[in-house]
>>> print(open('entry_14.pdb').read())   # PDB, C-alpha atoms
ATOM      1  CA  MET A   1      94.027  94.731 103.258  1.00  0.00           C
ATOM      2  CA  ILE A   2      93.255  97.851 101.201  1.00  0.00           C
ATOM      3  CA  ILE A   3      94.065 101.335 102.427  1.00  0.00           C
ATOM      4  CA  SER A   4      91.956 104.047 100.803  1.00  0.00           C
ATOM      5  CA  ILE A   5      93.456 107.533 100.910  1.00  0.00           C
ATOM      6  CA  GLU A   6      91.513 109.749  98.557  1.00  0.00           C
ATOM      7  CA  PRO A   7      92.706 113.367  98.685  1.00  0.00           C
ATOM      8  CA  LEU A   8      94.815 114.127  95.648  1.00  0.00           C
ATOM      9  CA  TRP A   9      96.975 116.593  97.523  1.00  0.00           C
ATOM     10  CA  ILE A  10      98.258 113.850  99.834  1.00  0.00           C
ATOM     11  CA  GLY A  11      99.554 111.911  96.859  1.00  0.00           C
ATOM     12  CA  LEU A  12     101.128 115.003  95.335  1.00  0.00           C
ATOM     13  CA  GLY A  13     102.756 115.826  98.656  1.00  0.00           C
ATOM     14  CA  LEU A  14     104.210 112.331  98.847  1.00  0.00           C
ATOM     15  CA  ALA A  15     105.446 112.675  95.267  1.00  0.00           C
ATOM     16  CA  ALA A  16     107.178 115.928  96.163  1.00  0.00           C
ATOM     17  CA  LEU A  17     108.784 114.360  99.231  1.00  0.00           C
ATOM     18  CA  GLY A  18     109.968 111.440  97.156  1.00  0.00           C
ATOM     19  CA  SER A  19     111.559 113.741  94.597  1.00  0.00           C
ATOM     20  CA  ILE A  20     113.310 115.682  97.339  1.00  0.00           C
ATOM     21  CA  ALA A  21     114.548 112.418  98.862  1.00  0.00           C
ATOM     22  CA  VAL A  22     115.978 111.317  95.502  1.00  0.00           C
ATOM     23  CA  ARG A  23     117.945 114.548  95.241  1.00  0.00           C
ATOM     24  CA  VAL A  24     119.043 114.748  98.888  1.00  0.00           C
ATOM     25  CA  LEU A  25     120.214 111.126  98.865  1.00  0.00           C
ATOM     26  CA  GLY A  26     122.135 111.750  95.668  1.00  0.00           C
ATOM     27  CA  GLN A  27     120.162 109.121  93.732  1.00  0.00           C
ATOM     28  CA  GLY A  28     119.387 111.480  90.858  1.00  0.00           C
ATOM     29  CA  THR A  29     120.072 114.865  89.321  1.00  0.00           C
ATOM     30  CA  TRP A  30     117.769 117.859  89.781  1.00  0.00           C
ATOM     31  CA  GLY A  31     116.383 117.139  86.334  1.00  0.00           C
ATOM     32  CA  ALA A  32     115.651 113.554  87.312  1.00  0.00           C
ATOM     33  CA  ALA A  33     113.992 114.693  90.550  1.00  0.00           C
ATOM     34  CA  LEU A  34     111.708 117.101  88.669  1.00  0.00           C
ATOM     35  CA  ALA A  35     110.927 114.497  86.016  1.00  0.00           C
ATOM     36  CA  GLY A  36     110.222 112.029  88.807  1.00  0.00           C
ATOM     37  CA  PHE A  37     107.727 114.408  90.367  1.00  0.00           C
ATOM     38  CA  ALA A  38     105.993 114.870  87.009  1.00  0.00           C
ATOM     39  CA  VAL A  39     105.577 111.148  86.361  1.00  0.00           C
ATOM     40  CA  ALA A  40     104.512 110.529  89.964  1.00  0.00           C
ATOM     41  CA  ALA A  41     101.909 113.296  89.689  1.00  0.00           C
ATOM     42  CA  ALA A  42     100.503 111.670  86.543  1.00  0.00           C
ATOM     43  CA  MET A  43     100.221 108.330  88.324  1.00  0.00           C
ATOM     44  CA  VAL A  44      98.623 109.886  91.403  1.00  0.00           C
ATOM     45  CA  ALA A  45      96.094 111.696  89.207  1.00  0.00           C
ATOM     46  CA  GLY A  46      95.111 108.424  87.566  1.00  0.00           C
ATOM     47  CA  PHE A  47      95.335 105.914  90.424  1.00  0.00           C
ATOM     48  CA  GLY A  48      95.221 107.932  93.638  1.00  0.00           C
ATOM     49  CA  PRO A  49      97.868 108.303  96.340  1.00  0.00           C
ATOM     50  CA  GLY A  50      98.097 104.550  96.899  1.00  0.00           C
ATOM     51  CA  ILE A  51     100.287 104.265  93.796  1.00  0.00           C
ATOM     52  CA  MET A  52     103.036 106.027  95.723  1.00  0.00           C
ATOM     53  CA  ALA A  53     103.714 102.835  97.721  1.00  0.00           C
ATOM     54  CA  PRO A  54     104.895 100.643  94.812  1.00  0.00           C
ATOM     55  CA  LEU A  55     106.426 103.676  93.080  1.00  0.00           C
ATOM     56  CA  ALA A  56     108.471 104.678  96.140  1.00  0.00           C
ATOM     57  CA  LEU A  57     109.455 101.044  96.677  1.00  0.00           C
ATOM     58  CA  PHE A  58     110.916 100.953  93.185  1.00  0.00           C
ATOM     59  CA  VAL A  59     112.550 104.400  93.139  1.00  0.00           C
ATOM     60  CA  LEU A  60     114.129 104.361  96.592  1.00  0.00           C
ATOM     61  CA  GLY A  61     114.758 100.615  96.583  1.00  0.00           C
ATOM     62  CA  ALA A  62     116.490 100.738  93.207  1.00  0.00           C
ATOM     63  CA  GLY A  63     118.584 103.698  94.333  1.00  0.00           C
ATOM     64  CA  GLY A  64     119.642 101.887  97.483  1.00  0.00           C
ATOM     65  CA  LEU A  65     120.523  98.678  95.667  1.00  0.00           C
ATOM     66  CA  THR A  66     122.552 100.610  93.107  1.00  0.00           C
ATOM     67  CA  ARG A  67     124.783 101.977  95.876  1.00  0.00           C
ATOM     68  CA  LEU A  68     124.952  98.719  97.821  1.00  0.00           C
ATOM     69  CA  GLY A  69     128.405  97.141  97.616  1.00  0.00           C
ATOM     70  CA  ARG A  70     129.596  99.656  95.056  1.00  0.00           C
ATOM     71  CA  ALA A  71     133.283  98.857  95.566  1.00  0.00           C
ATOM     72  CA  THR A  72     132.633  95.192  94.802  1.00  0.00           C
ATOM     73  CA  LYS A  73     130.673  96.078  91.683  1.00  0.00           C
ATOM     74  CA  GLU A  74     133.395  98.432  90.505  1.00  0.00           C
ATOM     75  CA  SER A  75     135.996  95.692  90.893  1.00  0.00           C
ATOM     76  CA  LYS A  76     133.852  93.487  88.635  1.00  0.00           C
ATOM     77  CA  HIS A  77     133.160  96.337  86.180  1.00  0.00           C
ATOM     78  CA  ALA A  78     129.455  95.998  86.952  1.00  0.00           C
ATOM     79  CA  ALA A  79     128.775  99.358  88.646  1.00  0.00           C
ATOM     80  CA  GLU A  80     126.444 102.000  87.214  1.00  0.00           C
ATOM     81  CA  ARG A  81     128.144 105.063  85.766  1.00  0.00           C
ATOM     82  CA  ASN A  82     128.114 108.401  87.576  1.00  0.00           C
ATOM     83  CA  GLN A  83     127.968 106.583  90.929  1.00  0.00           C
ATOM     84  CA  GLY A  84     124.481 105.337  90.088  1.00  0.00           C
ATOM     85  CA  ARG A  85     123.017 108.851  89.914  1.00  0.00           C
ATOM     86  CA  ARG A  86     119.986 108.787  87.612  1.00  0.00           C
ATOM     87  CA  GLY A  87     119.216 111.388  84.942  1.00  0.00           C
ATOM     88  CA  ILE A  88     116.060 112.365  83.102  1.00  0.00           C
ATOM     89  CA  ALA A  89     116.560 109.623  80.514  1.00  0.00           C
ATOM     90  CA  HIS A  90     116.583 106.968  83.270  1.00  0.00           C
ATOM     91  CA  VAL A  91     113.313 108.300  84.677  1.00  0.00           C
ATOM     92  CA  LEU A  92     111.528 108.384  81.338  1.00  0.00           C
ATOM     93  CA  ALA A  93     112.788 104.958  80.268  1.00  0.00           C
ATOM     94  CA  LYS A  94     111.675 103.276  83.488  1.00  0.00           C
ATOM     95  CA  LEU A  95     108.592 105.313  84.382  1.00  0.00           C
ATOM     96  CA  GLY A  96     107.345 106.862  81.157  1.00  0.00           C
ATOM     97  CA  ILE A  97     104.873 104.052  80.426  1.00  0.00           C
ATOM     98  CA  PRO A  98     103.261 103.886  83.907  1.00  0.00           C
ATOM     99  CA  ALA A  99     103.045 107.700  83.861  1.00  0.00           C
ATOM    100  CA  ALA A 100     101.269 107.577  80.492  1.00  0.00           C
ATOM    101  CA  LEU A 101      98.884 104.944  81.861  1.00  0.00           C
ATOM    102  CA  GLY A 102      98.181 107.204  84.828  1.00  0.00           C
ATOM    103  CA  ALA A 103      97.350 110.070  82.484  1.00  0.00           C
ATOM    104  CA  VAL A 104      94.940 107.833  80.543  1.00  0.00           C
ATOM    105  CA  ALA A 105      93.276 106.675  83.759  1.00  0.00           C
ATOM    106  CA  ALA A 106      92.893 110.267  84.932  1.00  0.00           C
ATOM    107  CA  VAL A 107      90.700 111.140  81.947  1.00  0.00           C
ATOM    108  CA  SER A 108      88.997 107.759  81.451  1.00  0.00           C
ATOM    109  CA  ALA A 109      87.493 106.263  84.580  1.00  0.00           C
ATOM    110  CA  GLU A 110      86.345 103.113  82.781  1.00  0.00           C
ATOM    111  CA  SER A 111      89.944 102.229  81.883  1.00  0.00           C
ATOM    112  CA  ARG A 112      91.339 102.906  85.347  1.00  0.00           C
ATOM    113  CA  GLY A 113      91.388  99.301  86.522  1.00  0.00           C
ATOM    114  CA  TRP A 114      93.264  97.982  83.523  1.00  0.00           C
ATOM    115  CA  CYS A 115      95.676 100.874  83.516  1.00  0.00           C
ATOM    116  CA  ALA A 116      96.394 100.319  87.213  1.00  0.00           C
ATOM    117  CA  VAL A 117      97.242  96.636  86.717  1.00  0.00           C
ATOM    118  CA  ALA A 118      99.451  97.498  83.729  1.00  0.00           C
ATOM    119  CA  ALA A 119     101.199 100.362  85.547  1.00  0.00           C
ATOM    120  CA  ALA A 120     101.880  98.192  88.604  1.00  0.00           C
ATOM    121  CA  GLY A 121     103.221  95.508  86.276  1.00  0.00           C
ATOM    122  CA  ALA A 122     105.577  98.036  84.687  1.00  0.00           C
ATOM    123  CA  LEU A 123     106.891  99.014  88.122  1.00  0.00           C
ATOM    124  CA  ALA A 124     107.354  95.341  89.034  1.00  0.00           C
ATOM    125  CA  GLY A 125     109.323  94.741  85.847  1.00  0.00           C
ATOM    126  CA  ALA A 126     111.500  97.790  86.403  1.00  0.00           C
ATOM    127  CA  PHE A 127     112.308  96.816  89.980  1.00  0.00           C
ATOM    128  CA  ALA A 128     112.924  93.156  89.092  1.00  0.00           C
ATOM    129  CA  ASP A 129     115.349  94.182  86.344  1.00  0.00           C
ATOM    130  CA  THR A 130     117.229  96.626  88.586  1.00  0.00           C
ATOM    131  CA  ALA A 131     117.365  94.268  91.581  1.00  0.00           C
ATOM    132  CA  ALA A 132     118.767  91.440  89.481  1.00  0.00           C
ATOM    133  CA  THR A 133     121.394  93.712  87.951  1.00  0.00           C
ATOM    134  CA  GLU A 134     122.498  95.247  91.249  1.00  0.00           C
ATOM    135  CA  VAL A 135     122.409  92.214  93.546  1.00  0.00           C
ATOM    136  CA  GLY A 136     123.899  89.665  91.155  1.00  0.00           C
ATOM    137  CA  PRO A 137     127.489  90.994  91.268  1.00  0.00           C
ATOM    138  CA  LEU A 138     127.500  90.977  95.082  1.00  0.00           C
ATOM    139  CA  ALA A 139     127.113  87.210  95.426  1.00  0.00           C
ATOM    140  CA  PRO A 140     129.476  84.417  94.416  1.00  0.00           C
ATOM    141  CA  GLY A 141     128.522  82.263  91.496  1.00  0.00           C
ATOM    142  CA  ALA A 142     128.754  82.179  87.741  1.00  0.00           C
ATOM    143  CA  VAL A 143     127.034  84.530  85.329  1.00  0.00           C
ATOM    144  CA  TYR A 144     125.476  83.252  82.124  1.00  0.00           C
ATOM    145  CA  GLN A 145     123.912  84.879  79.100  1.00  0.00           C
ATOM    146  CA  TRP A 146     122.125  83.580  76.047  1.00  0.00           C
ATOM    147  CA  ARG A 147     124.104  83.336  72.841  1.00  0.00           C
ATOM    148  CA  GLY A 148     121.666  82.129  70.243  1.00  0.00           C
ATOM    149  CA  ALA A 149     120.160  78.965  71.730  1.00  0.00           C
ATOM    150  CA  ARG A 150     123.027  78.376  74.178  1.00  0.00           C
ATOM    151  CA  LEU A 151     123.811  79.608  77.668  1.00  0.00           C
ATOM    152  CA  VAL A 152     127.443  80.680  77.949  1.00  0.00           C
ATOM    153  CA  ARG A 153     129.582  82.055  80.772  1.00  0.00           C
ATOM    154  CA  ALA A 154     129.858  85.831  80.865  1.00  0.00           C
ATOM    155  CA  PRO A 155     131.432  88.474  83.123  1.00  0.00           C
ATOM    156  CA  HIS A 156     129.342  90.449  85.586  1.00  0.00           C
ATOM    157  CA  GLY A 157     127.806  93.515  84.021  1.00  0.00           C
ATOM    158  CA  SER A 158     127.282  91.878  80.629  1.00  0.00           C
ATOM    159  CA  PRO A 159     123.964  92.811  78.961  1.00  0.00           C
ATOM    160  CA  GLY A 160     121.552  89.976  79.603  1.00  0.00           C
ATOM    161  CA  GLY A 161     123.829  88.359  82.187  1.00  0.00           C
ATOM    162  CA  MET A 162     122.048  86.140  84.732  1.00  0.00           C
ATOM    163  CA  SER A 163     123.126  84.637  88.039  1.00  0.00           C
ATOM    164  CA  VAL A 164     121.270  82.694  90.721  1.00  0.00           C
ATOM    165  CA  ALA A 165     121.467  85.618  93.157  1.00  0.00           C
ATOM    166  CA  GLY A 166     120.252  88.045  90.521  1.00  0.00           C
ATOM    167  CA  LEU A 167     117.327  85.839  89.549  1.00  0.00           C
ATOM    168  CA  LEU A 168     116.256  85.464  93.180  1.00  0.00           C
ATOM    169  CA  ALA A 169     116.587  89.198  93.823  1.00  0.00           C
ATOM    170  CA  GLY A 170     114.515  89.982  90.734  1.00  0.00           C
ATOM    171  CA  ALA A 171     111.768  87.617  91.857  1.00  0.00           C
ATOM    172  CA  ALA A 172     111.703  89.141  95.352  1.00  0.00           C
ATOM    173  CA  ALA A 173     111.515  92.666  93.923  1.00  0.00           C
ATOM    174  CA  ALA A 174     108.612  91.808  91.618  1.00  0.00           C
ATOM    175  CA  VAL A 175     106.681  90.161  94.462  1.00  0.00           C
ATOM    176  CA  ALA A 176     107.307  93.159  96.722  1.00  0.00           C
ATOM    177  CA  VAL A 177     105.819  95.556  94.155  1.00  0.00           C
ATOM    178  CA  GLY A 178     102.812  93.282  93.622  1.00  0.00           C
ATOM    179  CA  LEU A 179     102.140  93.135  97.361  1.00  0.00           C
ATOM    180  CA  ALA A 180     102.587  96.896  97.773  1.00  0.00           C
ATOM    181  CA  ALA A 181     100.124  97.552  94.939  1.00  0.00           C
ATOM    182  CA  TRP A 182      97.540  95.269  96.578  1.00  0.00           C
ATOM    183  CA  TRP A 183      98.074  96.593 100.100  1.00  0.00           C
ATOM    184  CA  CYS A 184      97.450 100.164  98.998  1.00  0.00           C
ATOM    185  CA  GLY A 185      94.497  99.372  96.755  1.00  0.00           C
ATOM    186  CA  VAL A 186      96.126  99.974  93.387  1.00  0.00           C
ATOM    187  CA  VAL A 187      95.018  96.452  92.418  1.00  0.00           C
ATOM    188  CA  THR A 188      91.960  94.881  93.983  1.00  0.00           C
ATOM    189  CA  ASN A 189      92.937  91.384  95.114  1.00  0.00           C
ATOM    190  CA  GLY A 190      95.659  88.816  95.565  1.00  0.00           C
ATOM    191  CA  ALA A 191      95.213  87.289  92.129  1.00  0.00           C
ATOM    192  CA  ALA A 192      95.817  90.654  90.472  1.00  0.00           C
ATOM    193  CA  SER A 193      98.820  91.172  92.741  1.00  0.00           C
ATOM    194  CA  GLY A 194     100.178  87.815  91.599  1.00  0.00           C
ATOM    195  CA  ALA A 195      99.601  88.765  87.967  1.00  0.00           C
ATOM    196  CA  VAL A 196     101.589  91.963  88.525  1.00  0.00           C
ATOM    197  CA  ALA A 197     104.504  90.151  90.160  1.00  0.00           C
ATOM    198  CA  ALA A 198     104.625  87.275  87.674  1.00  0.00           C
ATOM    199  CA  SER A 199     104.435  89.610  84.679  1.00  0.00           C
ATOM    200  CA  GLY A 200     107.151  91.897  85.982  1.00  0.00           C
ATOM    201  CA  TYR A 201     109.480  88.983  86.618  1.00  0.00           C
ATOM    202  CA  ALA A 202     108.726  87.373  83.262  1.00  0.00           C
ATOM    203  CA  ALA A 203     109.484  90.649  81.474  1.00  0.00           C
ATOM    204  CA  SER A 204     112.855  90.893  83.235  1.00  0.00           C
ATOM    205  CA  LEU A 205     113.708  87.359  82.086  1.00  0.00           C
ATOM    206  CA  ILE A 206     112.747  88.181  78.508  1.00  0.00           C
ATOM    207  CA  GLU A 207     114.969  91.266  78.696  1.00  0.00           C
ATOM    208  CA  SER A 208     117.861  89.018  79.683  1.00  0.00           C
ATOM    209  CA  VAL A 209     117.397  87.029  76.488  1.00  0.00           C
ATOM    210  CA  VAL A 210     117.058  90.152  74.340  1.00  0.00           C
ATOM    211  CA  GLY A 211     119.904  91.965  76.107  1.00  0.00           C
ATOM    212  CA  ALA A 212     122.587  89.615  74.812  1.00  0.00           C
ATOM    213  CA  SER A 213     121.238  89.661  71.252  1.00  0.00           C
ATOM    214  CA  VAL A 214     121.990  91.944  68.328  1.00  0.00           C
ATOM    215  CA  VAL A 215     118.628  93.643  68.904  1.00  0.00           C
ATOM    216  CA  GLY A 216     119.511  94.276  72.540  1.00  0.00           C
ATOM    217  CA  GLU A 217     122.814  95.839  71.573  1.00  0.00           C
ATOM    218  CA  ARG A 218     121.151  98.070  69.003  1.00  0.00           C
ATOM    219  CA  ILE A 219     118.408  99.439  71.236  1.00  0.00           C
ATOM    220  CA  GLY A 220     120.889 100.063  74.062  1.00  0.00           C
ATOM    221  CA  HIS A 221     120.449 100.366  77.798  1.00  0.00           C
ATOM    222  CA  PHE A 222     117.523 102.783  77.767  1.00  0.00           C
ATOM    223  CA  GLY A 223     115.791 100.917  74.978  1.00  0.00           C
ATOM    224  CA  ARG A 224     115.973  97.714  77.014  1.00  0.00           C
ATOM    225  CA  ASN A 225     114.509  99.558  80.007  1.00  0.00           C
ATOM    226  CA  VAL A 226     111.569 100.693  77.891  1.00  0.00           C
ATOM    227  CA  LEU A 227     111.192  97.138  76.611  1.00  0.00           C
ATOM    228  CA  VAL A 228     110.919  95.741  80.148  1.00  0.00           C
ATOM    229  CA  SER A 229     108.345  98.376  81.067  1.00  0.00           C
ATOM    230  CA  ALA A 230     106.229  97.762  77.972  1.00  0.00           C
ATOM    231  CA  LEU A 231     106.401  93.968  78.224  1.00  0.00           C
ATOM    232  CA  SER A 232     105.554  93.862  81.917  1.00  0.00           C
ATOM    233  CA  ALA A 233     102.649  96.294  81.502  1.00  0.00           C
ATOM    234  CA  GLY A 234     101.195  94.309  78.612  1.00  0.00           C
ATOM    235  CA  LEU A 235     101.720  90.945  80.285  1.00  0.00           C
ATOM    236  CA  ALA A 236     100.110  92.139  83.532  1.00  0.00           C
ATOM    237  CA  ALA A 237      96.951  93.322  81.765  1.00  0.00           C
ATOM    238  CA  ALA A 238      96.784  90.179  79.603  1.00  0.00           C
ATOM    239  CA  THR A 239      97.358  87.880  82.596  1.00  0.00           C
ATOM    240  CA  ALA A 240      94.640  89.594  84.609  1.00  0.00           C
ATOM    241  CA  TRP A 241      92.221  89.107  81.733  1.00  0.00           C
ATOM    242  CA  GLY A 242      93.252  85.511  81.156  1.00  0.00           C
ATOM    243  CA  ILE A 243      92.831  84.500  84.787  1.00  0.00           C
ATOM    244  CA  ALA A 244      89.348  85.886  85.324  1.00  0.00           C
ATOM    245  CA  GLY A 245      88.092  87.403  82.111  1.00  0.00           C
ATOM    246  CA  GLY A 246      88.455  90.892  83.456  1.00  0.00           C
ATOM    247  CA  GLY A 247      87.255  90.119  86.966  1.00  0.00           C
ATOM    248  CA  LEU A 248      90.564  91.031  88.558  1.00  0.00           C
ATOM    249  CA  VAL A 249      90.256  94.747  87.914  1.00  0.00           C
ATOM    250  CA  HIS A 250      87.722  97.460  88.451  1.00  0.00           C
ATOM    251  CA  GLY A 251      86.879 100.355  86.179  1.00  0.00           C
TER     252      GLY A 251
END
>>> encode(input="entry_14.pdb", output="structure tokens")
Amino acid sequence: MIISIEPLWIGLGLAALGSIAVRVLGQGTWGAALAGFAVAAAMVAGFGPGIMAPLALFVLGAGGLTRLGRATKESKHAAERNQGRRGIAHVLAKLGIPAALGAVAAVSAESRGWCAVAAAGALAGAFADTAATEVGPLAPGAVYQWRGARLVRAPHGSPGGMSVAGLLAGAAAAVAVGLAAWWCGVVTNGAASGAVAASGYAASLIESVVGASVVGERIGHFGRNVLVSALSAGLAAATAWGIAGGGLVHG
């Protein structure tokens, strides 16, 4: 189930194509496209070209979901600003941590396995968070958010808002990233893939709790994105260790 594609230039070429696609499709500014290439290059250097599968799934999938049903989202005041076009800050908030892990893996072969699981977890968390946010407003049903220890009704687009459709979409997105990471050899087996998916989804749920709190309001949108990335990366590495004492990853 693992595809091994070793030449670094293939991964860099895919990263360049992905950045061009982001710009041509209007999913990001030129600055975001260049920043995207830089973070993708760092991940390719650390994990090989296989990392482009879960990375592209997140970047292009998130961009597509952001534009899906935009008129409906606008009517519910739940649409992204600037027609969903991402800037440099979006890229760094969502992908800064997996890029840093790729840089560490590039210079430390013995840490590569753990960094790969953590980076894939960060991508799973980012995609789960985006999918839940973008799909939720398109389906009927109530939205709830935590207020202290209580769940209360909230309008679509509220920080930390949750709906059944959003929760299901987030779960599907996290599983998709976990499977993509396994299929392309970023993680070594199905258990590690499951750890990636579960950790990414769990981090998105935690963000929903934090998002409606005073802390969530203070750190803002980008701060919450960084929080999801950090939580999902840490949970993925810890889960992999807890399941098999380190046997789920390779150095």
>>> resolve_selection(input="entry_14.pdb", expression="the PyMOL selection byres ((chain A and resi 125) around 7)", output="NGL selection string")
:A and (121-124 or 126-129 or 174 or 200-201 or 203-204 or 228-229 or 232)
>>> closest_atom_pairs(input="entry_14.pdb", of="region 139-193 of chain A", to="region 42-48 of chain A", cutoff="10 Å", atoms="all atoms listed in the file", output="Markdown table")
| residue | atom | partner | partner_atom | distance |
| --- | --- | --- | --- | --- |
| A:Cys184 | CA | A:Gly48 | CA | 9.7 |
| A:Gly185 | CA | A:Gly48 | CA | 9.1 |
| A:Val186 | CA | A:Phe47 | CA | 6.7 |
| A:Val187 | CA | A:Phe47 | CA | 9.7 |
>>> write_last_selection(input="entry_14.pdb", atoms="C-alpha atoms", output="short mmCIF file (atom, residue, chain, number, x, y, z; two decimals), in the coordinates of the input")
data_model
loop_
_atom_site.label_atom_id
_atom_site.label_comp_id
_atom_site.auth_asym_id
_atom_site.auth_seq_id
_atom_site.Cartn_x
_atom_site.Cartn_y
_atom_site.Cartn_z
CA CYS A 184 97.45 100.16 99.00
CA GLY A 185 94.50 99.37 96.76
CA VAL A 186 96.13 99.97 93.39
CA VAL A 187 95.02 96.45 92.42
#
>>> closest_atom_pairs(input="entry_14.pdb", of="region 170-225 of chain A", to="region 138-144 of chain A", cutoff="12 Å", atoms="all atoms listed in the file", output="JSON lines")
{"residue": "A:Ser208", "atom": "CA", "partner": "A:Tyr144", "partner_atom": "CA", "distance": 9.9}
{"residue": "A:Val209", "atom": "CA", "partner": "A:Tyr144", "partner_atom": "CA", "distance": 10.5}
{"residue": "A:Gly211", "atom": "CA", "partner": "A:Tyr144", "partner_atom": "CA", "distance": 12.0}
{"residue": "A:Ala212", "atom": "CA", "partner": "A:Tyr144", "partner_atom": "CA", "distance": 10.1}
>>> atom_distance(input="entry_14.pdb", atom1="CA of Gly69 (chain A)", atom2="CA of Gly26 (chain A)")
16.0 Å
>>> closest_residue(input="entry_14.pdb", among="A:Gly160, A:Leu231, A:Ala202, A:Ala132", to="Glu217 (chain A)", atoms="all atoms listed in the file")
A:Gly160
>>> residues_around(input="entry_14.pdb", residues="Ser193 (chain A)", least_positions_apart="3", cutoff="7 Å", atoms="only C-alpha atoms", output="list in words")
Gly178, Leu179, Ala181, Trp182, Val187, Asn189, Gly190, Val196 and Ala197 of chain A
>>> closest_residue(input="entry_14.pdb", among="A:Arg150, A:Arg112, A:Arg86, A:Arg67", to="Ala131 (chain A)", atoms="only C-alpha atoms")
A:Arg67
>>> resolve_selection(input="entry_14.pdb", expression="the PyMOL selection byres ((chain A and resi 12-15) around 7)", output="PyMOL selection string")
chain A and resi 8-11+16-19+37+40-41+44
>>> write_last_selection(input="entry_14.pdb", atoms="C-alpha atoms", output="short mmCIF file (atom, residue, chain, number, x, y, z; two decimals), in the coordinates of the input")
data_model
loop_
_atom_site.label_atom_id
_atom_site.label_comp_id
_atom_site.auth_asym_id
_atom_site.auth_seq_id
_atom_site.Cartn_x
_atom_site.Cartn_y
_atom_site.Cartn_z
CA LEU A 8 94.82 114.13 95.65
CA TRP A 9 96.98 116.59 97.52
CA ILE A 10 98.26 113.85 99.83
CA GLY A 11 99.55 111.91 96.86
CA ALA A 16 107.18 115.93 96.16
CA LEU A 17 108.78 114.36 99.23
CA GLY A 18 109.97 111.44 97.16
CA SER A 19 111.56 113.74 94.60
CA PHE A 37 107.73 114.41 90.37
CA ALA A 40 104.51 110.53 89.96
CA ALA A 41 101.91 113.30 89.69
CA VAL A 44 98.62 109.89 91.40
#
>>> axis_aligned_box(input="entry_14.pdb", around="region 169-180 of chain A", padding_each_side="3 Å", output="AutoDock Vina command-line options")
--center_x 109.4 --center_y 92.3 --center_z 94.3 --size_x 20.4 --size_y 15.3 --size_z 13.0
>>> closest_residue(input="entry_14.pdb", among="A:Gly28, A:Gly157, A:Pro54, A:Gly36", to="Ala180 (chain A)", atoms="only C-alpha atoms")
A:Pro54
>>> atom_distance(input="entry_14.pdb", atom1="CA of Trp30 (chain A)", atom2="CA of His221 (chain A)")
21.4 Å
>>> closest_residue(input="entry_14.pdb", among="A:Gly161, A:Pro49, A:Gly234, A:Gly61", to="Thr133 (chain A)", atoms="only C-alpha atoms")
A:Gly161
>>> closest_residue(input="entry_14.pdb", among="A:Leu92, A:Ala169, A:Val24, A:Ala118", to="Ala230 (chain A)", atoms="all atoms listed in the file")
A:Ala118
>>> atom_distance(input="entry_14.pdb", atom1="CA of Leu60 (chain A)", atom2="CA of Gly194 (chain A)")
22.2 Å
>>> resolve_selection(input="entry_14.pdb", expression="the PyMOL selection byres ((chain A and resi 104) around 12)", output="list in words")
Ala42, Met43, Val44, Ala45, Gly46, Phe47, Ile97, Pro98, Ala99, Ala100, Leu101, Gly102, Ala103, Ala105, Ala106, Val107, Ser108, Ala109, Glu110, Ser111, Arg112, Gly113, Trp114, Cys115, Ala116, Ala118 and Ala119 of chain A
>>> closest_residue(input="entry_14.pdb", among="A:Val226, A:Ile88, A:Val135, A:Leu95", to="Thr72 (chain A)", atoms="only C-alpha atoms")
A:Val135
>>> residues_near_point(input="entry_14.pdb", point="(99.3, 86.8, 83.2)", cutoff="7 Å", atoms="all atoms listed in the file", output="list in words")
Ala195, Ala198, Ser199, Leu235, Ala236, Ala238, Thr239, Ala240 and Gly242 of chain A
>>> residues_around(input="entry_14.pdb", residues="region 31-33 of chain A", least_positions_apart="6", cutoff="8 Å", atoms="all atoms listed in the file", output="compact mmCIF listing (two decimals) with C-alpha atoms, in the frame of the given file")
# COMPACT_ATOMS: atom_id res chain seq x y z
CA SER A 19 111.56 113.74 94.60
CA ILE A 20 113.31 115.68 97.34
CA VAL A 22 115.98 111.32 95.50
CA ARG A 23 117.94 114.55 95.24
CA ARG A 86 119.99 108.79 87.61
CA GLY A 87 119.22 111.39 84.94
CA ILE A 88 116.06 112.36 83.10
CA ALA A 89 116.56 109.62 80.51
CA HIS A 90 116.58 106.97 83.27
CA VAL A 91 113.31 108.30 84.68
